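To keep things clear, I will list the structure first and then write my remarks on it.
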Amino acid sequence: MNYFSGKLGLDVFGNVKIVKGEGIGGKPSLILFKIVKRVALFYSALLCAREMLAPEDGSADLIRALNNRLVALSFHIREYYWIDMKKLNEIYRYKTEEYSYDAVNKFNIYPDQISPWLVEWMPKKGGYLIGNLQPAHMDFRFFSLGNLWSIVSSLATEEQSHAILDLIEAKWSDLVAEMPFKICYPALEGLEWQIITGSDPKNTPWSYHNAGSWPTLLWQKCDVVSAYHSAMASLRKLVKLDELTIACIKMNRPHIAAKAVEIAERHISQDKWPEYYDTKSSRLIGKQAQLFQTWSIAGYLVAKLLLADPSKAKILITEEDSELVNALISANPKKKRGRKNLKQTYIV
């Protein structure tokens, strides 16, 4: 467990220790470190590890440690990474320099850090998990990988999962446009792009990892054991998942994924199955995109198959753990639902 958390750059609360701008192969990066995705994958890895342990005396301490980690991670992400219109208003009215256990503004976030684009972009109905949270800094960008995987893995609550899909529907023209799906939104531009990426010519605004559109997000390749159900069944070490489709199927809203697939199939074949698309509206094939990309082709095919038979997605879906839910309710007195008397003790 310590090995995985070290590799992912996570501590017990989900904060990411990473140099901003650090990326793959030492190149400058922006979404390239996908904070929310790392947290969601780490959460899935913990669930896998717990499922593979036999409940016996020798593993009791390890299972307890896993449960403690899962509860702490879930509480931290659900409570502090979530943003919607209600939370946005709360942040806007934050008092700063609060230093106590009862502080509302626990990370000393300054209201002026709220990005102007977010105020106009946030729909009245819907929300999402922000990119990253550090003391006195919030990355408000929407990262599709992390949010969709949080739905699939149940890192997000059922209410939050529906809200993420609500936001995708409300902001369809921004996140899907003419080719699904934006890897993040919005793009870094101007001086911010120059500083963070070092003026990286591949990650120009609305291209590649800087808010490019990736058809593979209909079926996103994830180098992780899919979910603890598949670990129990000893299926595959590396599973490629159709995150958008599976997330929609899980929340019983497959029409969203079906609409995205319908848009993709209009011209992705004529475009020779490119790796990604450029521009804000996803109208141009990526300037350095590889053609006949395997995961672009597979993404479309797997999405079609899953929509034709949604039961096939069950093995890839993690349902919310009732024991963890009750532990989270106990840890957060603001939540009033469920049982509060627990047989086990969790550290949050």
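Residue names in the structure tokens use chain letters A, B, ... in the order shown, residue numbers from 1 in each chain, and ligand numbers from 1 in the order shown.
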Those of range 137-269 of chain A in DSSP helix (DSSP H, G or I), formatted as a ChimeraX atom specification: /A:144-153,158-170,172-175,190-197,201-203,215-218,228-232,243-250,254-264
Shell of 8 Å around range 278-289 of chain A, only C-alpha atoms, local chain residues under 4 positions omitted, as a list of chain:residue names: A:Ser173, A:Asp174, A:Val176, A:Ala177, A:Glu178, A:Met179, A:Lys202, A:Pro205, A:Trp206, A:Ser207, A:Tyr208, A:Ala211, A:Gly212, A:Ser213, A:Asp271, A:Pro274
Keeping only C-alpha atoms, write the selected residues as a JSON list (two decimals), in the first residue's frame.
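After the write, part-v5.json holds the following:
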```json
[["chain", "number", "residue", "atom", "x", "y", "z"],
["A", 173, "SER", "CA", -21.30, 22.09, -26.21],
["A", 174, "ASP", "CA", -18.07, 22.63, -24.24],
["A", 176, "VAL", "CA", -18.40, 17.16, -26.26],
["A", 177, "ALA", "CA", -19.01, 19.65, -29.08],
["A", 178, "GLU", "CA", -18.31, 17.92, -32.42],
["A", 179, "MET", "CA", -16.23, 15.05, -31.03],
["A", 202, "LYS", "CA", 2.34, 20.05, -28.55],
["A", 205, "PRO", "CA", -4.45, 25.74, -26.08],
["A", 206, "TRP", "CA", -7.25, 23.31, -27.00],
["A", 207, "SER", "CA", -4.82, 20.68, -28.23],
["A", 208, "TYR", "CA", -3.51, 17.33, -26.97],
["A", 211, "ALA", "CA", -8.15, 20.48, -23.43],
["A", 212, "GLY", "CA", -7.93, 18.43, -26.60],
["A", 213, "SER", "CA", -10.80, 16.05, -27.41],
["A", 271, "ASP", "CA", -11.20, 10.99, -40.35],
["A", 274, "PRO", "CA", -7.36, 9.92, -35.12]]
```
With range 54-70 of chain A as the partner and 12 Å as the cut-off, tabulate the residues of range 124-184 of chain A that qualify, each row holding the nearest pair of atoms and their distance in Å to one decimal, using only C-alpha atoms, sorted by chain and rising number, as a Markdown table.
```
| residue | atom | partner | partner_atom | distance |
| --- | --- | --- | --- | --- |
| A:Ser153 | CA | A:Leu70 | CA | 11.9 |
| A:Ser154 | CA | A:Leu70 | CA | 11.3 |
| A:Leu155 | CA | A:Leu70 | CA | 9.2 |
```
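Using only C-alpha atoms, the residues found no farther than 6 Å from Gly131 in chain A, other than those of its own chain fewer than 5 positions away, are Ile35, Val36, Asp139, Phe140 and Arg141 of chain A.
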Atoms kept (N, CA and C atoms) for selection, written as a PDB file, in the first residue's frame:
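Now in result_9.pdb:
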```pdb
ATOM      1  N   ILE A  35      -4.511  14.834 -11.383  1.00  0.00           N
ATOM      2  CA  ILE A  35      -4.567  14.637  -9.949  1.00  0.00           C
ATOM      3  C   ILE A  35      -5.773  13.807  -9.529  1.00  0.00           C
ATOM      4  N   VAL A  36      -6.970  14.206  -9.954  1.00  0.00           N
ATOM      5  CA  VAL A  36      -8.174  13.505  -9.538  1.00  0.00           C
ATOM      6  C   VAL A  36      -8.145  12.060 -10.022  1.00  0.00           C
ATOM      7  N   ASP A 139      -7.222  24.126  -8.009  1.00  0.00           N
ATOM      8  CA  ASP A 139      -7.241  24.031  -9.463  1.00  0.00           C
ATOM      9  C   ASP A 139      -8.676  23.705  -9.854  1.00  0.00           C
ATOM     10  N   PHE A 140      -9.399  24.677 -10.378  1.00  0.00           N
ATOM     11  CA  PHE A 140     -10.821  24.531 -10.626  1.00  0.00           C
ATOM     12  C   PHE A 140     -11.147  23.852 -11.953  1.00  0.00           C
ATOM     13  N   ARG A 141     -10.131  23.466 -12.737  1.00  0.00           N
ATOM     14  CA  ARG A 141     -10.436  22.860 -14.032  1.00  0.00           C
ATOM     15  C   ARG A 141     -11.187  21.539 -13.882  1.00  0.00           C
TER      16      ARG A 141
END
```
Pick from A:Leu306, A:Leu118, A:Leu41, A:Cys248 nearest to Asp166 in chain A, counting only C-alpha atoms: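 The shortest atom-to-atom distance to Asp166 in chain A comes from A:Cys248.
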Determine which residues of range 139-225 of chain A receive a DSSP assignment of strand (DSSP E or B), computed from the backbone, and state them as a JSON list (two decimals) with C-alpha atoms, in the first residue's frame.
```
[["chain", "number", "residue", "atom", "x", "y", "z"],
["A", 139, "ASP", "CA", -7.24, 24.03, -9.46],
["A", 140, "PHE", "CA", -10.82, 24.53, -10.63],
["A", 141, "ARG", "CA", -10.44, 22.86, -14.03],
["A", 142, "PHE", "CA", -12.75, 19.96, -14.91],
["A", 143, "PHE", "CA", -10.79, 16.75, -15.52],
["A", 182, "LYS", "CA", -12.62, 16.98, -23.68],
["A", 184, "CYS", "CA", -10.06, 18.74, -19.39],
["A", 185, "TYR", "CA", -11.77, 22.11, -19.45],
["A", 207, "SER", "CA", -4.82, 20.68, -28.23],
["A", 210, "ASN", "CA", -4.39, 20.97, -22.95],
["A", 213, "SER", "CA", -10.80, 16.05, -27.41],
["A", 220, "GLN", "CA", -10.31, 5.11, -21.79],
["A", 221, "LYS", "CA", -7.22, 2.98, -21.29],
["A", 222, "CYS", "CA", -6.49, 2.71, -17.56]]
```
